[in-house]
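This is final.cif (mmCIF, C-alpha atoms).
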data_final
#
loop_
_atom_site.label_atom_id
_atom_site.label_comp_id
_atom_site.auth_asym_id
_atom_site.auth_seq_id
_atom_site.Cartn_x
_atom_site.Cartn_y
_atom_site.Cartn_z
CA MET A 260 172.16 123.54 66.95
CA ALA A 261 173.00 119.89 66.31
CA ASN A 262 171.16 117.28 68.32
CA LEU A 263 172.88 115.77 71.27
CA THR A 264 175.29 113.15 69.90
CA LYS A 265 175.95 109.71 71.40
CA GLN A 266 179.37 110.94 72.57
CA ALA A 267 177.80 114.02 74.19
CA ARG A 268 175.29 111.83 76.01
CA LYS A 269 178.11 109.73 77.39
CA ARG A 270 179.88 112.84 78.64
CA ALA A 271 176.64 114.03 80.20
CA ARG A 272 176.58 110.91 82.39
CA ASN A 273 179.97 111.93 83.73
CA ARG A 274 180.92 115.34 85.08
CA VAL A 275 180.19 117.90 82.39
CA THR A 276 182.65 120.79 82.06
CA SER A 277 182.51 124.19 80.41
CA HIS A 278 184.74 122.77 77.66
CA ASP A 279 182.03 120.24 76.81
CA VAL A 280 179.44 123.02 76.60
CA ALA A 281 181.75 125.10 74.41
CA ARG A 282 182.25 122.22 71.94
CA LEU A 283 178.53 121.51 71.64
CA ALA A 284 177.64 125.18 71.30
CA GLY A 285 180.44 125.82 68.83
CA VAL A 286 181.98 128.62 70.88
CA SER A 287 185.12 129.14 72.93
CA GLN A 288 185.39 128.13 76.59
CA ALA A 289 185.97 131.80 77.41
CA ALA A 290 182.57 132.60 75.88
CA VAL A 291 180.91 130.05 78.16
CA SER A 292 182.61 131.67 81.14
CA ARG A 293 181.36 135.10 80.09
CA VAL A 294 177.78 133.86 79.88
CA TYR A 295 177.85 132.62 83.46
CA ARG A 296 179.98 135.35 84.97
CA GLN A 297 177.78 138.12 86.38
CA GLY A 298 178.48 141.48 84.82
CA ALA A 299 180.44 140.04 81.87
CA SER A 300 179.39 140.98 78.32
CA ALA A 301 177.84 138.39 76.00
CA SER A 302 175.36 138.80 73.16
CA ALA A 303 171.82 137.47 73.40
CA GLU A 304 172.57 134.97 70.63
CA MET A 305 175.67 133.74 72.45
CA ARG A 306 173.76 133.33 75.72
CA GLU A 307 171.00 131.36 74.00
CA LYS A 308 173.47 128.96 72.29
CA VAL A 309 175.48 128.36 75.46
CA ARG A 310 172.46 127.87 77.72
CA GLU A 311 170.81 125.47 75.26
CA ALA A 312 174.01 123.39 75.13
CA ALA A 313 174.24 123.49 78.92
CA ARG A 314 170.61 122.35 79.19
CA GLN A 315 171.20 119.40 76.89
CA LEU A 316 174.31 118.34 78.76
CA GLY A 317 172.93 118.99 82.22
CA TYR A 318 175.74 121.44 82.91
CA ARG A 319 175.77 123.69 85.99
CA PRO A 320 178.61 126.17 86.54
CA ASN A 321 180.71 125.43 89.61
CA ALA A 322 180.93 128.59 91.71
CA ILE A 323 183.44 127.02 94.10
CA ALA A 324 185.76 126.04 91.26
CA ARG A 325 185.56 129.56 89.85
CA GLY A 326 186.50 130.90 93.24
CA LEU A 327 189.50 128.57 93.51
CA SER A 328 190.80 129.64 90.11
CA SER A 329 190.52 133.31 91.08
CA ARG A 330 191.80 132.70 94.64
CA ARG A 331 188.50 134.00 95.98
CA SER A 332 185.46 132.31 97.40
CA ASN A 333 183.08 135.01 96.11
CA MET A 334 181.42 134.77 99.51
CA VAL A 335 181.18 137.29 102.32
CA ALA A 336 179.98 136.78 105.88
CA LEU A 337 177.25 138.93 107.37
CA ILE A 338 177.16 138.76 111.15
CA MET A 339 174.04 140.24 112.73
CA LEU A 340 172.90 140.36 116.33
CA ARG A 341 169.28 139.18 116.32
CA GLN A 342 168.30 141.25 119.31
CA THR A 343 169.73 144.46 117.88
CA ASN A 344 166.32 145.90 116.92
CA LEU A 345 163.55 145.78 114.33
CA THR A 346 165.88 147.12 111.64
CA TYR A 347 167.50 143.67 111.42
CA PRO A 348 165.32 142.17 108.64
CA ASP A 349 165.21 145.37 106.57
CA SER A 350 168.97 145.87 106.79
CA LEU A 351 169.63 142.20 106.04
CA VAL A 352 167.53 142.26 102.87
CA GLU A 353 169.16 145.44 101.54
CA ILE A 354 172.74 144.32 102.21
CA SER A 355 172.19 140.80 100.84
CA SER A 356 170.50 142.15 97.70
CA SER A 357 173.32 144.60 97.09
CA PHE A 358 175.96 141.86 97.31
CA SER A 359 173.93 139.50 95.10
CA ALA A 360 173.71 142.19 92.44
CA ARG A 361 177.52 142.12 92.33
CA GLY A 362 177.68 138.33 91.99
CA ILE A 363 178.72 137.73 95.61
CA GLN A 364 177.00 135.23 97.91
CA VAL A 365 176.21 136.15 101.50
CA LEU A 366 176.61 133.72 104.39
CA LEU A 367 174.42 134.86 107.27
CA PHE A 368 175.61 134.27 110.83
CA SER A 369 172.81 135.34 113.17
CA ILE A 370 173.65 135.42 116.87
CA GLU A 371 171.62 136.05 120.01
CA THR A 372 174.34 137.66 122.16
CA TYR A 373 177.93 138.80 121.90
CA ASP A 374 178.92 135.73 123.94
CA GLU A 375 178.52 133.72 120.72
CA LEU A 376 180.99 135.80 118.75
CA ASP A 377 184.13 133.77 119.49
CA ASP A 378 182.54 130.61 118.06
CA THR A 379 181.05 132.58 115.20
CA VAL A 380 184.44 134.03 114.22
CA ASP A 381 185.89 130.51 114.12
CA ARG A 382 183.05 129.32 111.88
CA VAL A 383 183.38 132.30 109.56
CA LEU A 384 187.10 131.67 109.12
CA GLN A 385 186.42 128.05 108.13
CA TYR A 386 184.48 129.22 105.09
CA GLN A 387 187.43 131.28 103.82
CA VAL A 388 185.19 134.22 103.02
CA ASP A 389 186.57 137.20 101.13
CA GLY A 390 185.24 139.75 103.62
CA VAL A 391 183.03 140.34 106.65
CA VAL A 392 180.23 142.75 107.48
CA ILE A 393 179.18 142.96 111.11
CA GLY A 394 176.14 144.70 112.55
CA GLY A 395 177.69 144.97 116.00
CA THR A 396 181.19 145.09 117.46
CA PHE A 397 184.21 142.79 117.75
CA ASN A 398 186.60 142.73 120.67
CA ARG A 399 190.33 143.10 120.08
CA ALA A 400 191.07 139.37 119.78
CA GLN A 401 188.22 138.82 117.33
CA ARG A 402 189.40 141.70 115.18
CA ARG A 403 192.93 140.34 115.21
CA ALA A 404 191.72 136.95 113.94
CA PHE A 405 190.44 138.58 110.74
CA ASP A 406 193.52 140.77 110.44
CA ASP A 407 195.77 137.72 110.66
CA ALA A 408 193.71 135.99 107.96
CA GLY A 409 193.87 139.05 105.71
CA ILE A 410 190.08 139.37 105.65
CA PRO A 411 188.70 142.94 105.47
CA VAL A 412 185.91 143.93 107.85
CA ILE A 413 183.20 146.57 107.44
CA TYR A 414 181.07 147.71 110.35
CA TYR A 415 177.40 148.34 109.65
CA GLY A 416 177.06 150.91 112.39
CA LEU A 417 179.70 152.42 114.60
CA ALA A 418 183.18 150.94 114.51
CA PRO A 419 184.93 150.62 117.88
CA ARG A 420 186.97 153.68 118.73
CA GLY A 421 190.47 153.36 117.30
CA ALA A 422 189.69 150.20 115.32
CA PRO A 423 191.34 150.19 111.86
CA TYR A 424 188.16 149.34 109.99
CA SER A 425 185.73 151.08 107.73
CA CYS A 426 182.14 151.64 108.77
CA VAL A 427 178.82 152.80 107.37
CA ASP A 428 176.43 154.53 109.74
CA CYS A 429 173.59 157.01 110.03
CA ASP A 430 174.46 160.48 111.29
CA ASN A 431 173.16 159.99 114.82
CA GLY A 432 174.01 163.57 115.78
CA LYS A 433 171.76 165.19 113.20
CA GLY A 434 168.98 162.67 113.81
CA THR A 435 168.88 163.10 117.58
CA GLU A 436 169.12 166.88 117.20
CA TRP A 437 165.96 166.92 115.06
CA LEU A 438 164.08 164.65 117.46
CA ALA A 439 165.05 166.79 120.47
CA GLU A 440 163.86 169.91 118.63
CA GLN A 441 160.49 168.28 117.88
CA LEU A 442 159.91 167.45 121.54
CA LEU A 443 161.15 170.73 122.95
CA SER A 444 159.21 172.85 120.46
CA ALA A 445 156.05 171.02 121.53
CA GLY A 446 156.58 172.41 125.04
CA HIS A 447 157.84 169.23 126.71
CA ARG A 448 160.23 169.64 129.65
CA ARG A 449 160.27 166.28 131.50
CA PHE A 450 161.69 163.38 129.52
CA GLY A 451 162.44 159.71 129.67
CA ILE A 452 164.99 158.17 127.30
CA MET A 453 164.57 154.48 126.45
CA ALA A 454 168.30 153.97 126.11
CA GLY A 455 168.77 150.33 125.18
CA PRO A 456 171.55 148.22 126.74
CA LYS A 457 174.53 149.86 128.43
CA ASN A 458 177.00 147.85 126.32
CA GLY A 459 175.46 148.83 122.98
CA ALA A 460 177.72 151.18 121.02
CA VAL A 461 174.92 152.82 119.01
CA ALA A 462 172.70 152.93 122.10
CA ARG A 463 175.34 154.82 124.07
CA VAL A 464 175.91 157.36 121.30
CA ARG A 465 172.24 158.07 120.63
CA THR A 466 171.44 158.30 124.34
CA ARG A 467 174.27 160.71 125.00
CA MET A 468 173.30 162.92 122.07
CA LEU A 469 169.60 162.91 122.93
CA GLU A 470 170.27 163.82 126.54
CA ALA A 471 172.65 166.61 125.55
CA GLY A 472 170.16 168.05 123.06
CA LEU A 473 167.26 167.95 125.51
CA ARG A 474 169.23 169.52 128.36
CA ALA A 475 170.67 172.20 126.08
CA GLY A 476 167.09 173.04 125.07
CA GLY A 477 165.98 173.64 128.65
CA ALA A 478 164.72 170.25 129.83
CA ASP A 479 163.79 170.21 133.53
CA ASP A 480 164.49 166.52 133.94
CA VAL A 481 165.86 163.67 131.79
CA MET A 482 165.56 160.10 133.09
CA ILE A 483 167.67 157.39 131.43
CA VAL A 484 166.11 153.91 131.26
CA HIS A 485 168.40 151.06 130.17
CA CYS A 486 166.88 147.87 128.79
CA GLY A 487 167.32 145.25 126.08
CA TYR A 488 166.40 146.06 122.50
CA GLU A 489 163.49 143.63 122.35
CA TYR A 490 159.86 144.74 122.22
CA GLU A 491 158.97 143.02 125.51
CA ASN A 492 161.90 144.72 127.24
CA ALA A 493 160.54 148.06 126.08
CA ARG A 494 157.10 147.36 127.49
CA HIS A 495 158.46 146.24 130.87
CA SER A 496 160.86 149.19 131.18
CA PHE A 497 158.26 151.74 130.10
CA ALA A 498 155.86 150.35 132.71
CA ASN A 499 158.52 150.77 135.42
CA LEU A 500 159.17 154.33 134.29
CA ILE A 501 155.47 155.26 134.51
CA ARG A 502 154.95 153.53 137.87
CA THR A 503 157.96 155.09 139.57
CA THR A 504 158.12 158.62 138.14
CA ARG A 505 156.16 161.54 139.57
CA PRO A 506 155.24 163.77 137.99
CA LEU A 507 154.95 161.69 134.83
CA PRO A 508 157.30 162.51 131.95
CA ASP A 509 155.85 164.67 129.17
CA ALA A 510 157.63 162.61 126.53
CA VAL A 511 159.74 159.50 125.96
CA ALA A 512 162.52 159.45 123.35
CA ALA A 513 163.45 155.90 122.38
CA ILE A 514 166.78 155.21 120.69
CA THR A 515 165.17 152.65 118.34
CA ASP A 516 161.74 152.20 116.81
CA SER A 517 161.35 148.81 118.50
CA LEU A 518 161.65 150.48 121.92
CA ALA A 519 159.25 153.23 120.85
CA ILE A 520 156.64 150.77 119.56
CA GLY A 521 156.81 148.71 122.75
CA SER A 522 156.42 151.90 124.79
CA ILE A 523 153.39 153.03 122.78
CA ASP A 524 151.62 149.69 123.17
CA GLU A 525 152.30 149.61 126.91
CA ALA A 526 151.15 153.22 127.36
CA ARG A 527 147.86 152.58 125.60
CA GLU A 528 147.01 149.06 126.72
CA ASN A 529 148.05 148.99 130.38
CA PHE A 530 148.04 152.64 131.46
CA GLY A 531 145.26 154.11 129.36
CA LEU A 532 147.54 156.88 128.13
CA ASP A 533 146.80 158.59 124.86
CA VAL A 534 149.76 158.96 122.50
CA PRO A 535 150.39 161.81 121.82
CA GLY A 536 147.58 163.42 123.87
CA ASP A 537 148.97 162.40 127.27
CA ILE A 538 152.54 161.55 126.37
CA SER A 539 154.71 161.97 123.26
CA ILE A 540 156.95 159.13 122.07
CA THR A 541 159.65 159.17 119.38
CA GLY A 542 161.84 156.49 117.84
CA PHE A 543 164.85 156.15 115.57
CA ASP A 544 165.45 153.90 112.53
CA GLY A 545 162.25 154.21 110.49
CA VAL A 546 161.14 150.56 110.38
CA ARG A 547 158.07 149.59 108.38
CA THR A 548 155.99 148.71 111.44
CA GLY A 549 156.40 152.22 112.81
CA GLY A 550 154.71 153.66 109.74
CA LEU A 551 151.54 151.57 110.14
CA GLU A 552 148.26 153.09 111.23
CA PRO A 553 148.37 152.10 114.93
CA TYR A 554 151.63 154.04 115.33
CA LYS A 555 152.55 156.58 112.62
CA LEU A 556 155.72 157.04 114.61
CA THR A 557 157.73 160.26 114.69
CA THR A 558 161.22 159.01 113.96
CA ILE A 559 164.37 159.18 111.83
CA ARG A 560 164.36 156.79 108.86
CA LEU A 561 167.66 155.25 107.85
CA PRO A 562 168.48 155.48 104.11
CA ARG A 563 169.00 151.71 103.99
CA LYS A 564 169.48 151.26 100.25
CA ARG A 565 172.23 153.88 100.14
CA MET A 566 173.85 152.50 103.29
CA ALA A 567 173.78 148.95 101.93
CA ALA A 568 175.35 150.07 98.63
CA ALA A 569 178.10 151.83 100.58
CA VAL A 570 178.79 148.68 102.62
CA VAL A 571 179.21 146.65 99.44
CA ASP A 572 181.40 149.25 97.74
CA LEU A 573 183.70 149.61 100.74
CA LEU A 574 184.13 145.89 101.23
CA ILE A 575 184.70 145.03 97.57
CA ASP A 576 187.22 147.86 97.26
CA ARG A 577 189.19 146.43 100.19
CA ILE A 578 188.96 142.87 98.93
CA GLU A 579 190.52 144.05 95.68
CA ASP A 580 193.01 146.39 97.35
CA PRO A 581 193.86 145.36 100.94
CA ASP A 582 196.11 148.42 101.37
CA LEU A 583 193.25 150.93 101.21
CA SER A 584 192.89 153.08 104.32
CA PRO A 585 189.82 152.78 106.57
CA GLU A 586 186.90 154.96 105.55
CA VAL A 587 183.82 156.17 107.41
CA ARG A 588 180.64 156.97 105.50
CA LEU A 589 177.86 158.76 107.36
CA PHE A 590 174.39 159.12 105.91
CA THR A 591 171.86 161.71 107.00
CA GLY A 592 168.64 160.12 108.23
CA ILE A 593 165.24 161.18 106.89
CA PRO A 594 163.00 162.99 109.43
CA VAL A 595 159.51 161.48 109.67
CA SER A 596 157.09 163.80 111.46
CA GLY A 597 154.53 161.09 112.20
CA GLN A 598 151.70 161.46 114.70
CA THR A 599 153.26 160.60 118.06
CA VAL A 600 154.39 164.07 119.19
CA GLY A 601 151.74 166.44 120.54
CA ARG A 602 151.64 169.69 122.47
CA SER A 603 152.48 169.40 126.14
CA ASN A 604 149.60 169.89 128.60
CA HIS A 605 151.96 172.18 130.52
CA ALA A 606 152.99 174.32 127.54
#

In structure tokens, what does this structure look like?
Amino acid sequence: MANLTKQARKRARNRVTSHDVARLAGVSQAAVSRVYRQGASASAEMREKVREAARQLGYRPNAIARGLSSRRSNMVALIMLRQTNLTYPDSLVEISSSFSARGIQVLLFSIETYDELDDTVDRVLQYQVDGVVIGGTFNRAQRRAFDDAGIPVIYYGLAPRGAPYSCVDCDNGKGTEWLAEQLLSAGHRRFGIMAGPKNGAVARVRTRMLEAGLRAGGADDVMIVHCGYEYENARHSFANLIRTTRPLPDAVAAITDSLAIGSIDEARENFGLDVPGDISITGFDGVRTGGLEPYKLTTIRLPRKRMAAAVVDLLIDRIEDPDLSPEVRLFTGIPVSGQTVGRSNHA
């Protein structure tokens, strides 16, 4: 390739464009675009020529300009509730990676409580994103704001009943059924359910299904304990359950792994209970921490990679074709036997 000419150096001091790169590399401007557009075809020789010219000129492709020319921002918003549970970082990584692989940037909006959602919706709209993924729920007014802006929404988890949106979720029914069978077949008859917050959509569904499965299997007693999703909430609520319940429950079924892990630590450290010798504890989600040696939690692991890929597919499809009907994709969780369910002392 020819050395950088005096004229090229002068252009480099100003704003360099893809046309400048094309001239120096001796290729068309369309070829330069293909090199920098993810997923587009370009030979190795073409890529080398274009990138060498870009290096000499100090050229960097302008993603915002590309978005303006295509009437898209190539950005999506991911709204996650920080307190949801320990699955937050794992889910975030999988979803973000899946979008990045398709050449789409993710703007993360992380909120503490649903009270922040109104302000968050306003901020999301200012970025003119192409679509939204939410790990939580919108109220009617918040949903309408995206409808009015023509921005498709995908729920990562349960969509509100009757909401015209697509969602990707784990099959909570099959997961809770397996967990109930594990506890009942071990001879347990008195149960506590760490149910999470009353206003949590997933919490309500999993709690209802767990209770139904346990009672249908002959449970003598099922106590529902509502608390926040955080680890410390789990410890405090488990302690209250143990202090106030006589006789003690044989087992505790937590609707998330974070609640199960908090319960296990509290049982061992402050009550001297052996898990699973004195009490069995199960979770749901399959987070990495639950698989570590201190826990080896019996749980349901979410197929996160497959769920993340489905989120991306659904959203991109609806960005490209806004008239597509809502779609629900349920994924069967993976049972993890673990080491936190033991035979009941009363069996």

(message) Once the PyMOL selection byres ((chain A and resi 537-541) around 7) has been evaluated on this model, what residues remain selected, and can you format them as a list in words?
(response) Asp509, Ala510, Val511, Ala512, Ala513, Ala519, Leu532, Asp533, Val534, Pro535, Gly536, Gly542, Leu556, Thr557, Thr558, Thr599, Val600 and Gly601 of chain A

Name the residues in contact with range 453-468 of chain A at a cut-off of 6 Å, using all atoms listed in the file, excluding same-chain residues fewer than 3 positions from it; report them as a PDB file with C-alpha atoms, in the frame of the given file.
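Result file follows (selection37.pdb):
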ATOM      1  CA  ALA A 471     172.650 166.610 125.550  1.00  0.00           C
ATOM      2  CA  VAL A 484     166.110 153.910 131.260  1.00  0.00           C
ATOM      3  CA  HIS A 485     168.400 151.060 130.170  1.00  0.00           C
ATOM      4  CA  CYS A 486     166.880 147.870 128.790  1.00  0.00           C
ATOM      5  CA  GLY A 487     167.320 145.250 126.080  1.00  0.00           C
ATOM      6  CA  TYR A 488     166.400 146.060 122.500  1.00  0.00           C
ATOM      7  CA  ALA A 513     163.450 155.900 122.380  1.00  0.00           C
ATOM      8  CA  ILE A 514     166.780 155.210 120.690  1.00  0.00           C
TER       9      ILE A 514
END

(message) Applying the PyMOL selection byres ((chain A and resi 277) around 8) to the file I just gave you, which residues come out? Please list them as an MDAnalysis selection string.
(response) chainID A and resid 275:276 278:281 288 291:292 318 320

Generate the output file for the selected residues, C-alpha atoms, as a short mmCIF file (atom, residue, chain, number, x, y, z; two decimals), in the frame of the given file.
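The result, stored in again11.cif:
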data_model
loop_
_atom_site.label_atom_id
_atom_site.label_comp_id
_atom_site.auth_asym_id
_atom_site.auth_seq_id
_atom_site.Cartn_x
_atom_site.Cartn_y
_atom_site.Cartn_z
CA VAL A 275 180.19 117.90 82.39
CA THR A 276 182.65 120.79 82.06
CA HIS A 278 184.74 122.77 77.66
CA ASP A 279 182.03 120.24 76.81
CA VAL A 280 179.44 123.02 76.60
CA ALA A 281 181.75 125.10 74.41
CA GLN A 288 185.39 128.13 76.59
CA VAL A 291 180.91 130.05 78.16
CA SER A 292 182.61 131.67 81.14
CA TYR A 318 175.74 121.44 82.91
CA PRO A 320 178.61 126.17 86.54
#

(request) Have a look at CA of Pro562 in chain A and CA of Glu375 in chain A and let me know their distance in Å, one decimal. (result)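 Distance between the two atoms: 29.2 Å.
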
(request) Do a neighbour search on Ser369 in chain A at 10 Å with all atoms listed in the file, toss out local chain neighbours closer than 6 positions, and write the hits as a list of chain:residue names. (result)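 Returned residues: A:Leu337, A:Ile338, A:Met339, A:Leu340, A:Arg341, A:Gln342, A:Glu375, A:Leu376, A:Thr379, A:Gly394.
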
(request) Would you please work out which residue, of A:Phe405, A:Phe530, A:Tyr373, A:Tyr414, is nearest to Ile393 in chain A when using only C-alpha atoms? (result) A:Tyr414

Which neighbours of Gly472 in chain A fall inside 6 Å, counting all atoms listed in the file, when residues of the same chain fewer than 3 positions from it are skipped, and could you give them as a tab-separated table (two decimals) with C-alpha atoms, in the coordinates of the input?
chain	number	residue	atom	x	y	z
A	439	ALA	CA	165.05	166.79	120.47
A	469	LEU	CA	169.60	162.91	122.93
A	475	ALA	CA	170.67	172.20	126.08

(request) Name the closest residue to Glu371 in chain A among the candidates A:Gly446, A:Gln441, A:Lys555, A:Glu489; distances are taken between atoms, counting all atoms listed in the file. (result) A:Glu489

(message) Evaluated on this file, the PyMOL selection byres ((chain A and resi 500-503) around 9) picks out some residues - which ones are they, written as number ranges by chain?
(response) A: 451, 482, 484, 495-499, 504-505, 507-508, 526, 530

(request) Just give me the gap between CA of Ser596 in chain A and CA of Ile559 in chain A in Å, one decimal is fine. (result)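 Separating CA of Ser596 in chain A from CA of Ile559 in chain A is a distance of 8.6 Å.
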
(request) May I ask for the distance between CA of Ser425 in chain A and CA of Ser332 in chain A, given in Å to one decimal place? (result)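 Result for CA of Ser425 in chain A versus CA of Ser332 in chain A: 21.4 Å, one decimal.
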
Around all the atoms of range 281-291 of chain A listed in the file, with 6 Å of room on each side, what axis-aligned box do you get, giving centre and edge lengths in Å to one decimal, as lines of an AutoDock Vina configuration file?
center_x = 181.8
center_y = 127.1
center_z = 73.5
size_x = 20.3
size_y = 23.1
size_z = 21.3

Show which residues sit within 10 Å of Ala303 in chain A, as a CSV table (one decimal) with C-alpha atoms, in the coordinates of the input. Count all atoms listed in the file, and ignore same-chain residues fewer than 4 positions away.
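part.csv, written as the output of this step:
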chain,number,residue,atom,x,y,z
A,294,VAL,CA,177.8,133.9,79.9
A,307,GLU,CA,171.0,131.4,74.0
A,308,LYS,CA,173.5,129.0,72.3

(request) Kindly indicate which residue among A:Ala445, A:Arg563, A:Asn604, A:Ile452 lies nearest to Gly416 in chain A, using all atoms listed in the file for the distances. (result) A:Arg563

(message) I need the residue nearest Glu304 in chain A from this list: A:Ala289, A:Val352, A:Ile370, A:Ala284. Use only C-alpha atoms for the distance.
(response) A:Ala284

(message) Restricting the calculation to all atoms listed in the file: of A:Thr435, A:Arg494, A:Ala404, A:Asn398, which residue gets closest to Asn529 in chain A?
(response)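 Distance minimum relative to Asn529 in chain A lands on A:Arg494.
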
(request) Would you kindly return, as a PyMOL selection string, each protein, DNA or RNA residue with an atom no farther than 9 Å from any atom of Arg306 in chain A, considering all atoms listed in the file and excluding same-chain residues fewer than 3 positions away? (result) chain A and resi 290-291+293-295+301-303+309-311

Those selected residues, please, written with C-alpha atoms and delivered as a compact mmCIF listing (two decimals), in the coordinates of the input.
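See result.txt below for the written result:
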# COMPACT_ATOMS: atom_id res chain seq x y z
CA ALA A 290 182.57 132.60 75.88
CA VAL A 291 180.91 130.05 78.16
CA ARG A 293 181.36 135.10 80.09
CA VAL A 294 177.78 133.86 79.88
CA TYR A 295 177.85 132.62 83.46
CA ALA A 301 177.84 138.39 76.00
CA SER A 302 175.36 138.80 73.16
CA ALA A 303 171.82 137.47 73.40
CA VAL A 309 175.48 128.36 75.46
CA ARG A 310 172.46 127.87 77.72
CA GLU A 311 170.81 125.47 75.26
